[in-house]
$ cat work30.tsv   # TSV, C-alpha atoms and all ligand atoms
chain	number	residue	atom	x	y	z
A	1	MET	CA	102.70	123.77	91.91
A	2	ARG	CA	104.05	121.33	89.36
A	3	LEU	CA	104.66	117.91	90.85
A	4	ASP	CA	106.38	115.20	88.81
A	5	VAL	CA	106.49	111.57	89.95
A	6	PHE	CA	108.85	109.05	88.38
A	7	THR	CA	107.76	105.47	88.94
A	8	GLN	CA	107.58	102.01	87.44
A	9	VAL	CA	103.86	101.92	88.26
A	10	PRO	CA	102.21	105.17	87.10
A	11	HIS	CA	98.74	103.63	86.96
A	12	ALA	CA	98.90	103.11	90.75
A	13	PHE	CA	98.17	106.84	91.08
A	14	ALA	CA	94.94	106.75	89.07
A	15	TRP	CA	92.49	106.42	91.97
A	16	MET	CA	94.11	109.30	93.81
A	17	THR	CA	93.55	111.74	90.99
A	18	GLU	CA	89.81	111.06	91.20
A	19	GLN	CA	89.57	111.73	94.95
A	20	ARG	CA	89.49	114.91	96.96
A	21	PRO	CA	91.62	116.70	97.91
A	22	LEU	CA	93.77	116.00	94.85
A	23	ALA	CA	90.86	116.15	92.40
A	24	ALA	CA	89.90	119.58	93.76
A	25	VAL	CA	93.20	121.20	92.74
A	26	LEU	CA	94.25	119.10	89.76
A	27	GLY	CA	94.62	121.33	86.70
A	28	THR	CA	94.43	124.54	88.75
A	29	GLU	CA	96.77	124.71	91.76
A	30	LEU	CA	98.40	121.40	90.88
A	31	ASP	CA	99.94	120.16	87.66
A	32	LEU	CA	100.66	116.46	88.31
A	33	ARG	CA	102.76	114.53	85.82
A	34	LEU	CA	103.57	110.83	86.03
A	35	PHE	CA	106.59	109.40	84.25
A	36	ASN	CA	107.56	105.78	83.79
A	37	TYR	CA	111.31	105.06	83.78
A	38	ARG	CA	110.62	102.39	81.16
A	39	ASP	CA	109.48	105.00	78.59
A	40	THR	CA	112.92	106.63	78.39
A	41	THR	CA	115.29	103.82	79.38
A	42	PRO	CA	118.36	103.59	77.13
A	43	LEU	CA	118.37	99.81	77.70
A	44	ARG	CA	116.64	97.20	75.63
A	45	ALA	CA	113.26	95.65	76.39
A	46	GLY	CA	112.33	98.31	78.92
A	47	GLN	CA	115.00	97.27	81.39
A	48	VAL	CA	115.38	99.70	84.31
A	49	ASP	CA	117.21	97.73	87.01
A	50	ASP	CA	120.10	95.34	87.37
A	51	GLU	CA	121.83	92.95	89.77
A	52	PRO	CA	123.78	94.53	92.64
A	53	TYR	CA	127.57	94.72	92.35
A	54	GLY	CA	129.07	92.58	95.09
A	55	GLY	CA	126.24	90.10	94.85
A	56	GLY	CA	123.13	89.65	96.92
A	57	ALA	CA	119.43	89.35	96.38
A	58	GLY	CA	117.19	91.77	94.51
A	59	MET	CA	117.48	94.25	91.69
A	60	VAL	CA	118.73	97.83	91.88
A	61	LEU	CA	117.33	100.79	89.91
A	62	ARG	CA	120.06	101.93	87.47
A	63	VAL	CA	121.59	105.40	87.56
A	64	ASP	CA	121.75	105.70	83.75
A	65	VAL	CA	118.05	104.89	83.52
A	66	VAL	CA	117.06	107.56	86.04
A	67	ALA	CA	119.43	110.11	84.47
A	68	ALA	CA	117.85	109.45	81.06
A	69	ALA	CA	114.35	109.86	82.53
A	70	LEU	CA	115.27	113.19	84.18
A	71	ASP	CA	117.11	114.45	81.08
A	72	ALA	CA	114.10	113.63	78.89
A	73	VAL	CA	111.87	115.85	81.01
A	74	TYR	CA	114.19	118.62	82.25
A	75	GLY	CA	117.03	118.66	79.71
A	76	GLU	CA	120.05	120.58	80.97
A	77	SER	CA	118.06	122.42	83.65
A	78	SER	CA	119.63	121.63	87.02
A	79	ASP	CA	117.58	123.72	89.44
A	80	GLN	CA	114.88	121.08	89.84
A	81	ARG	CA	114.19	119.91	93.42
A	82	VAL	CA	114.48	116.13	93.12
A	83	ILE	CA	113.50	113.96	96.09
A	84	ALA	CA	114.31	110.26	96.41
A	85	LEU	CA	111.75	108.28	98.40
A	86	THR	CA	113.73	105.86	100.54
A	87	PRO	CA	113.53	104.45	104.07
A	88	GLN	CA	117.02	105.89	104.53
A	89	GLY	CA	115.88	109.49	103.92
A	90	ARG	CA	115.08	112.20	106.46
A	91	PRO	CA	111.77	111.61	108.23
A	92	LEU	CA	108.62	113.13	106.78
A	93	THR	CA	107.01	115.53	109.26
A	94	GLN	CA	104.38	118.25	108.94
A	95	ALA	CA	107.19	120.83	108.95
A	96	VAL	CA	108.77	119.10	105.95
A	97	VAL	CA	105.36	119.00	104.24
A	98	GLU	CA	104.86	122.75	104.79
A	99	ASP	CA	108.26	123.46	103.27
A	100	LEU	CA	107.63	121.25	100.25
A	101	ALA	CA	104.12	122.63	99.71
A	102	ALA	CA	105.61	126.12	99.30
A	103	ALA	CA	107.86	125.03	96.43
A	104	PRO	CA	106.79	125.91	92.88
A	105	ALA	CA	107.93	122.53	91.54
A	106	LEU	CA	108.97	119.17	92.95
A	107	THR	CA	110.13	115.87	91.54
A	108	LEU	CA	109.61	112.59	93.41
A	109	LEU	CA	111.61	109.49	92.51
A	110	SER	CA	110.33	106.10	93.60
A	111	SER	CA	112.04	102.76	93.32
A	112	ARG	CA	111.18	99.12	93.90
A	113	PHE	CA	112.98	95.89	94.90
A	114	GLU	CA	116.38	96.68	96.51
A	115	GLY	CA	116.04	100.38	95.81
A	116	PHE	CA	118.25	103.01	94.15
A	117	ASP	CA	121.81	102.76	92.88
A	118	GLU	CA	123.43	105.04	95.50
A	119	ARG	CA	124.65	107.43	92.77
A	120	ILE	CA	121.04	108.38	92.04
A	121	VAL	CA	120.57	109.69	95.56
A	122	THR	CA	124.05	111.25	95.73
A	123	HIS	CA	124.24	112.90	92.31
A	124	LEU	CA	120.74	113.20	90.84
A	125	CYS	CA	118.71	114.13	93.93
A	126	SER	CA	118.71	117.17	96.19
A	127	ASP	CA	116.89	115.41	99.03
A	128	ALA	CA	115.83	112.00	100.31
A	129	ILE	CA	112.69	111.44	102.38
A	130	SER	CA	111.36	108.50	104.37
A	131	ILE	CA	107.69	108.22	105.32
A	132	GLY	CA	108.60	106.16	108.39
A	133	PRO	CA	111.00	103.65	109.94
A	134	TYR	CA	109.68	100.61	108.09
A	135	VAL	CA	110.21	99.13	104.64
A	136	LEU	CA	107.52	99.06	101.95
A	137	SER	CA	107.79	97.19	98.67
A	138	GLY	CA	107.93	100.28	96.49
A	139	GLY	CA	108.01	104.07	96.45
A	140	GLU	CA	104.51	104.48	95.05
A	141	LEU	CA	102.72	104.50	98.42
A	142	PRO	CA	105.34	106.85	99.93
A	143	ALA	CA	104.93	109.15	96.89
A	144	MET	CA	101.15	109.11	97.39
A	145	VAL	CA	101.54	109.85	101.10
A	146	LEU	CA	103.74	112.83	100.32
A	147	LEU	CA	101.48	113.93	97.48
A	148	ASP	CA	98.38	113.83	99.66
A	149	ALA	CA	100.07	115.70	102.52
A	150	ILE	CA	101.34	118.41	100.14
A	151	VAL	CA	98.08	118.77	98.23
A	152	ARG	CA	96.13	119.40	101.45
A	153	ARG	CA	98.23	122.55	101.91
A	154	LEU	CA	97.43	123.98	98.46
A	155	PRO	CA	94.77	126.70	98.17
A	156	GLY	CA	91.31	125.28	97.42
A	157	ALA	CA	92.15	121.69	98.34
A	158	LEU	CA	90.12	121.70	101.55
A	159	SER	CA	86.91	123.43	102.52
A	160	ASP	CA	87.44	126.79	104.26
A	161	GLY	CA	89.01	126.52	107.70
A	162	SER	CA	89.34	122.75	107.84
A	163	GLY	CA	93.12	122.76	107.42
A	164	GLU	CA	93.85	125.42	110.03
A	165	ASN	CA	93.33	123.66	113.36
A	166	GLU	CA	94.76	120.29	112.50
A	167	SER	CA	97.32	118.25	114.37
A	168	PHE	CA	100.82	119.81	114.13
A	169	SER	CA	99.44	123.19	113.00
A	170	ASP	CA	100.70	126.49	114.44
A	171	ALA	CA	97.18	127.16	115.69
A	172	LEU	CA	97.58	124.17	118.02
A	173	GLU	CA	101.18	125.02	118.93
A	174	GLY	CA	102.41	122.12	116.80
A	175	GLY	CA	100.55	119.60	118.99
A	176	PHE	CA	97.76	117.08	118.42
A	177	GLU	CA	94.24	118.16	117.58
A	178	TYR	CA	91.57	118.22	120.31
A	179	PRO	CA	88.85	115.51	120.36
A	180	HIS	CA	85.78	115.83	118.16
A	181	TYR	CA	82.20	114.70	118.84
A	182	THR	CA	79.04	114.67	116.74
A	183	ARG	CA	75.42	113.52	117.15
A	184	PRO	CA	74.00	111.78	119.10
A	185	ALA	CA	74.81	113.75	122.26
A	186	GLU	CA	74.46	110.53	124.24
A	187	PHE	CA	75.06	106.94	123.09
A	188	ARG	CA	75.10	103.92	125.44
A	189	GLY	CA	75.54	106.38	128.27
A	190	TRP	CA	78.60	107.90	126.62
A	191	THR	CA	78.07	111.63	126.71
A	192	VAL	CA	79.56	114.61	124.94
A	193	PRO	CA	81.39	117.20	127.11
A	194	ASP	CA	78.87	119.83	128.26
A	195	VAL	CA	81.03	122.72	127.07
A	196	LEU	CA	80.62	121.63	123.43
A	197	LEU	CA	76.84	121.92	123.78
A	198	SER	CA	76.99	125.25	125.61
A	199	GLY	CA	77.06	127.53	122.54
A	200	ASP	CA	79.81	129.57	124.24
A	201	HIS	CA	82.51	129.77	121.55
A	202	GLY	CA	85.08	131.32	123.88
A	203	LYS	CA	84.73	128.44	126.32
A	204	VAL	CA	84.78	125.89	123.48
A	205	ASP	CA	88.03	127.37	122.11
A	206	ALA	CA	89.65	127.37	125.55
A	207	TRP	CA	88.54	123.77	126.20
A	208	ARG	CA	89.88	122.63	122.83
A	209	LEU	CA	93.27	124.23	123.37
A	210	LEU	CA	93.50	122.65	126.83
A	211	ARG	CA	92.63	119.18	125.46
A	212	SER	CA	95.13	119.65	122.62
A	213	ARG	CA	97.89	120.57	125.10
A	214	GLU	CA	97.01	117.61	127.35
A	215	ARG	CA	97.14	115.13	124.46
A	216	SER	CA	100.36	116.55	123.12
A	217	ALA	CA	102.10	116.40	126.51
A	218	THR	CA	101.64	112.61	126.87
B	1	LIG	C1	111.96	97.37	99.38
B	1	LIG	S1	112.33	99.10	99.39
B	1	LIG	C2	114.09	99.10	99.43
B	1	LIG	C3	114.62	99.07	100.82
B	1	LIG	C4	116.14	99.16	100.87
B	1	LIG	N1	116.75	97.97	100.32
B	1	LIG	C5	116.56	99.33	102.32
B	1	LIG	O1	116.77	98.34	103.01
B	1	LIG	O2	116.62	100.50	102.78
B	1	LIG	C6	111.97	99.57	97.73
B	1	LIG	C7	111.62	101.02	97.55
B	1	LIG	O3	110.42	101.31	98.24
B	1	LIG	C8	110.43	102.68	98.66
B	1	LIG	N2	110.25	102.71	100.12
B	1	LIG	C9	110.11	101.64	100.92
B	1	LIG	N3	109.94	102.00	102.20
B	1	LIG	C10	109.96	103.35	102.21
B	1	LIG	C11	109.84	104.33	103.25
B	1	LIG	N4	109.67	103.99	104.52
B	1	LIG	N5	109.89	105.63	102.90
B	1	LIG	C12	110.08	106.00	101.61
B	1	LIG	N6	110.21	105.12	100.59
B	1	LIG	C13	110.17	103.81	100.89
B	1	LIG	C14	111.75	103.27	98.19
B	1	LIG	O4	111.55	103.93	96.95
B	1	LIG	C15	112.61	102.03	98.06
B	1	LIG	O5	113.70	102.23	97.20
$ encode --input "work30.tsv" --output "structure tokens" --more "lines below"
Ligand SMILES: C[S@@+](CC[C@H](N)C(=O)[O-])C[C@H]1O[C@@H](n2cnc3c(N)ncnc32)[C@H](O)[C@@H]1O
Amino acid sequence: MRLDVFTQVPHAFAWMTEQRPLAAVLGTELDLRLFNYRDTTPLRAGQVDDEPYGGGAGMVLRVDVVAAALDAVYGESSDQRVIALTPQGRPLTQAVVEDLAAAPALTLLSSRFEGFDERIVTHLCSDAISIGPYVLSGGELPAMVLLDAIVRRLPGALSDGSGENESFSDALEGGFEYPHYTRPAEFRGWTVPDVLLSGDHGKVDAWRLLRSRERSAT
């Protein structure tokens, strides 16, 4: 997959590229490119935003700036899947992640301050996604959230089997994952369920599915 992120703060992504799971697939399953709107802005002095028409506080990311950034990378090609990260977008869910992870190429647009000129979302994007019903200061964290969630679904990102029985997976009927325990078997009188120590994999699987269903029903 080729994943392009347009941002005013490309260096914010540096730490992520050094960590698993992203580091495990970077350069093989994932081609990650970071673009700064300032590098291609047609305006002077690296300007990318402007005051809102109609007045009000804050600065708005300009449509001509974003169009220039996209043109510089994609030229006339119009089949690119371009996603605006905005609190007003459709909610990010695991089902959305699975769909995005199957795409050969994606473009994420982030903004800061008051957000996007509406024409960016309407005319330059094919989708708009929110990572939750709250407002962050910029699209970099939302882009990283989406990036991390997508990367986990790419081949080789996780160790074998660890992505199959997770919360929201088909294996758990779309519900929450069952509880996990590790050593010690007893701590301050808090014990581990006997079935997990039984060595009976059939019973363990049945117990886990039951716990998953119970958690998901509440
Ligand atoms: C301060 S926010 C703008 C909020 C906008 N004025 C509003 O009220 O909807 C600046 C930028 O951060 C990003 N952002 C903030 N919260 C987000 C969220 N929940 N999901 C996705 N992106 C978000 C978007 O790129 C947004 O344009």
$ residues_near_ligand --input "work30.tsv" --ligand "ligand LIG 1 (chain B)" --cutoff "10 Å" --atoms "only C-alpha atoms and all ligand atoms" --output "PyMOL selection string"
chain A and resi 7+57-61+84-92+108-117+128-143+145-146
$ residues_around --input "work30.tsv" --residues "Ala69 of chain A" --least-positions-apart "4" --cutoff "8 Å" --atoms "all atoms listed in the file" --output "number ranges by chain"
A: 35, 37, 39-41, 65, 73
$ atom_distance --input "work30.tsv" --atom1 "atom CA of Val48 of chain A" --atom2 "atom CA of Arg62 of chain A"
6.1 Å
$ closest_residue --input "work30.tsv" --among "A:Leu197, A:Val121, A:Asp4, A:Gln80" --to "Pro184 of chain A" --atoms "all atoms listed in the file"
A:Leu197
$ atom_distance --input "work30.tsv" --atom1 "atom CA of Asn36 of chain A" --atom2 "atom CA of Phe13 of chain A"
11.9 Å
$ axis_aligned_box --input "work30.tsv" --around "segment 77-87 of chain A" --padding-each-side "8 Å" --output "AutoDock Vina command-line options"
--center_x 115.7 --center_y 114.1 --center_z 93.9 --size_x 23.9 --size_y 35.3 --size_z 36.4
$ closest_residue --input "work30.tsv" --among "A:Arg153, A:His180, A:Arg2, A:Arg38" --to "Val96 of chain A" --atoms "all atoms listed in the file"
A:Arg153
$ build_atoms --input "work30.tsv" --residues "segment 42-57 of chain A" --atoms "N, CA, C and O atoms" --output "JSON list (two decimals), keeping the file's coordinate frame"
[["chain", "number", "residue", "atom", "x", "y", "z"],
["A", 42, "PRO", "N", 117.48, 103.82, 78.27],
["A", 42, "PRO", "CA", 118.36, 103.59, 77.13],
["A", 42, "PRO", "C", 118.64, 102.10, 76.92],
["A", 42, "PRO", "O", 119.32, 101.74, 75.96],
["A", 43, "LEU", "N", 118.11, 101.25, 77.78],
["A", 43, "LEU", "CA", 118.37, 99.81, 77.70],
["A", 43, "LEU", "C", 117.29, 99.13, 76.88],
["A", 43, "LEU", "O", 116.20, 99.68, 76.69],
["A", 44, "ARG", "N", 117.60, 97.92, 76.47],
["A", 44, "ARG", "CA", 116.64, 97.20, 75.63],
["A", 44, "ARG", "C", 115.52, 96.60, 76.47],
["A", 44, "ARG", "O", 115.70, 96.34, 77.66],
["A", 45, "ALA", "N", 114.40, 96.37, 75.81],
["A", 45, "ALA", "CA", 113.26, 95.65, 76.39],
["A", 45, "ALA", "C", 112.75, 96.29, 77.67],
["A", 45, "ALA", "O", 112.25, 95.60, 78.56],
["A", 46, "GLY", "N", 112.89, 97.61, 77.77],
["A", 46, "GLY", "CA", 112.33, 98.31, 78.92],
["A", 46, "GLY", "C", 113.04, 98.05, 80.23],
["A", 46, "GLY", "O", 112.49, 98.33, 81.30],
["A", 47, "GLN", "N", 114.27, 97.58, 80.15],
["A", 47, "GLN", "CA", 115.00, 97.27, 81.39],
["A", 47, "GLN", "C", 115.29, 98.56, 82.16],
["A", 47, "GLN", "O", 115.72, 99.57, 81.58],
["A", 48, "VAL", "N", 115.08, 98.52, 83.48],
["A", 48, "VAL", "CA", 115.38, 99.70, 84.31],
["A", 48, "VAL", "C", 116.28, 99.37, 85.50],
["A", 48, "VAL", "O", 116.83, 100.26, 86.14],
["A", 49, "ASP", "N", 116.42, 98.08, 85.83],
["A", 49, "ASP", "CA", 117.21, 97.73, 87.01],
["A", 49, "ASP", "C", 118.20, 96.63, 86.68],
["A", 49, "ASP", "O", 118.21, 96.10, 85.56],
["A", 50, "ASP", "N", 119.04, 96.31, 87.63],
["A", 50, "ASP", "CA", 120.10, 95.34, 87.37],
["A", 50, "ASP", "C", 120.54, 94.72, 88.69],
["A", 50, "ASP", "O", 120.19, 95.21, 89.78],
["A", 51, "GLU", "N", 121.36, 93.65, 88.56],
["A", 51, "GLU", "CA", 121.83, 92.95, 89.77],
["A", 51, "GLU", "C", 122.82, 93.82, 90.53],
["A", 51, "GLU", "O", 123.58, 94.58, 89.93],
["A", 52, "PRO", "N", 122.85, 93.71, 91.85],
["A", 52, "PRO", "CA", 123.78, 94.53, 92.64],
["A", 52, "PRO", "C", 125.23, 94.08, 92.48],
["A", 52, "PRO", "O", 125.50, 92.87, 92.50],
["A", 53, "TYR", "N", 126.14, 95.05, 92.29],
["A", 53, "TYR", "CA", 127.57, 94.72, 92.35],
["A", 53, "TYR", "C", 127.87, 94.17, 93.74],
["A", 53, "TYR", "O", 127.33, 94.67, 94.73],
["A", 54, "GLY", "N", 128.72, 93.18, 93.80],
["A", 54, "GLY", "CA", 129.07, 92.58, 95.09],
["A", 54, "GLY", "C", 128.17, 91.42, 95.45],
["A", 54, "GLY", "O", 128.37, 90.78, 96.48],
["A", 55, "GLY", "N", 127.12, 91.24, 94.63],
["A", 55, "GLY", "CA", 126.24, 90.10, 94.85],
["A", 55, "GLY", "C", 125.12, 90.43, 95.83],
["A", 55, "GLY", "O", 125.03, 91.52, 96.37],
["A", 56, "GLY", "N", 124.26, 89.47, 96.02],
["A", 56, "GLY", "CA", 123.13, 89.65, 96.92],
["A", 56, "GLY", "C", 121.82, 89.59, 96.17],
["A", 56, "GLY", "O", 121.79, 89.62, 94.94],
["A", 57, "ALA", "N", 120.76, 89.52, 96.97],
["A", 57, "ALA", "CA", 119.43, 89.35, 96.38],
["A", 57, "ALA", "C", 118.89, 90.68, 95.86],
["A", 57, "ALA", "O", 119.34, 91.75, 96.27]]
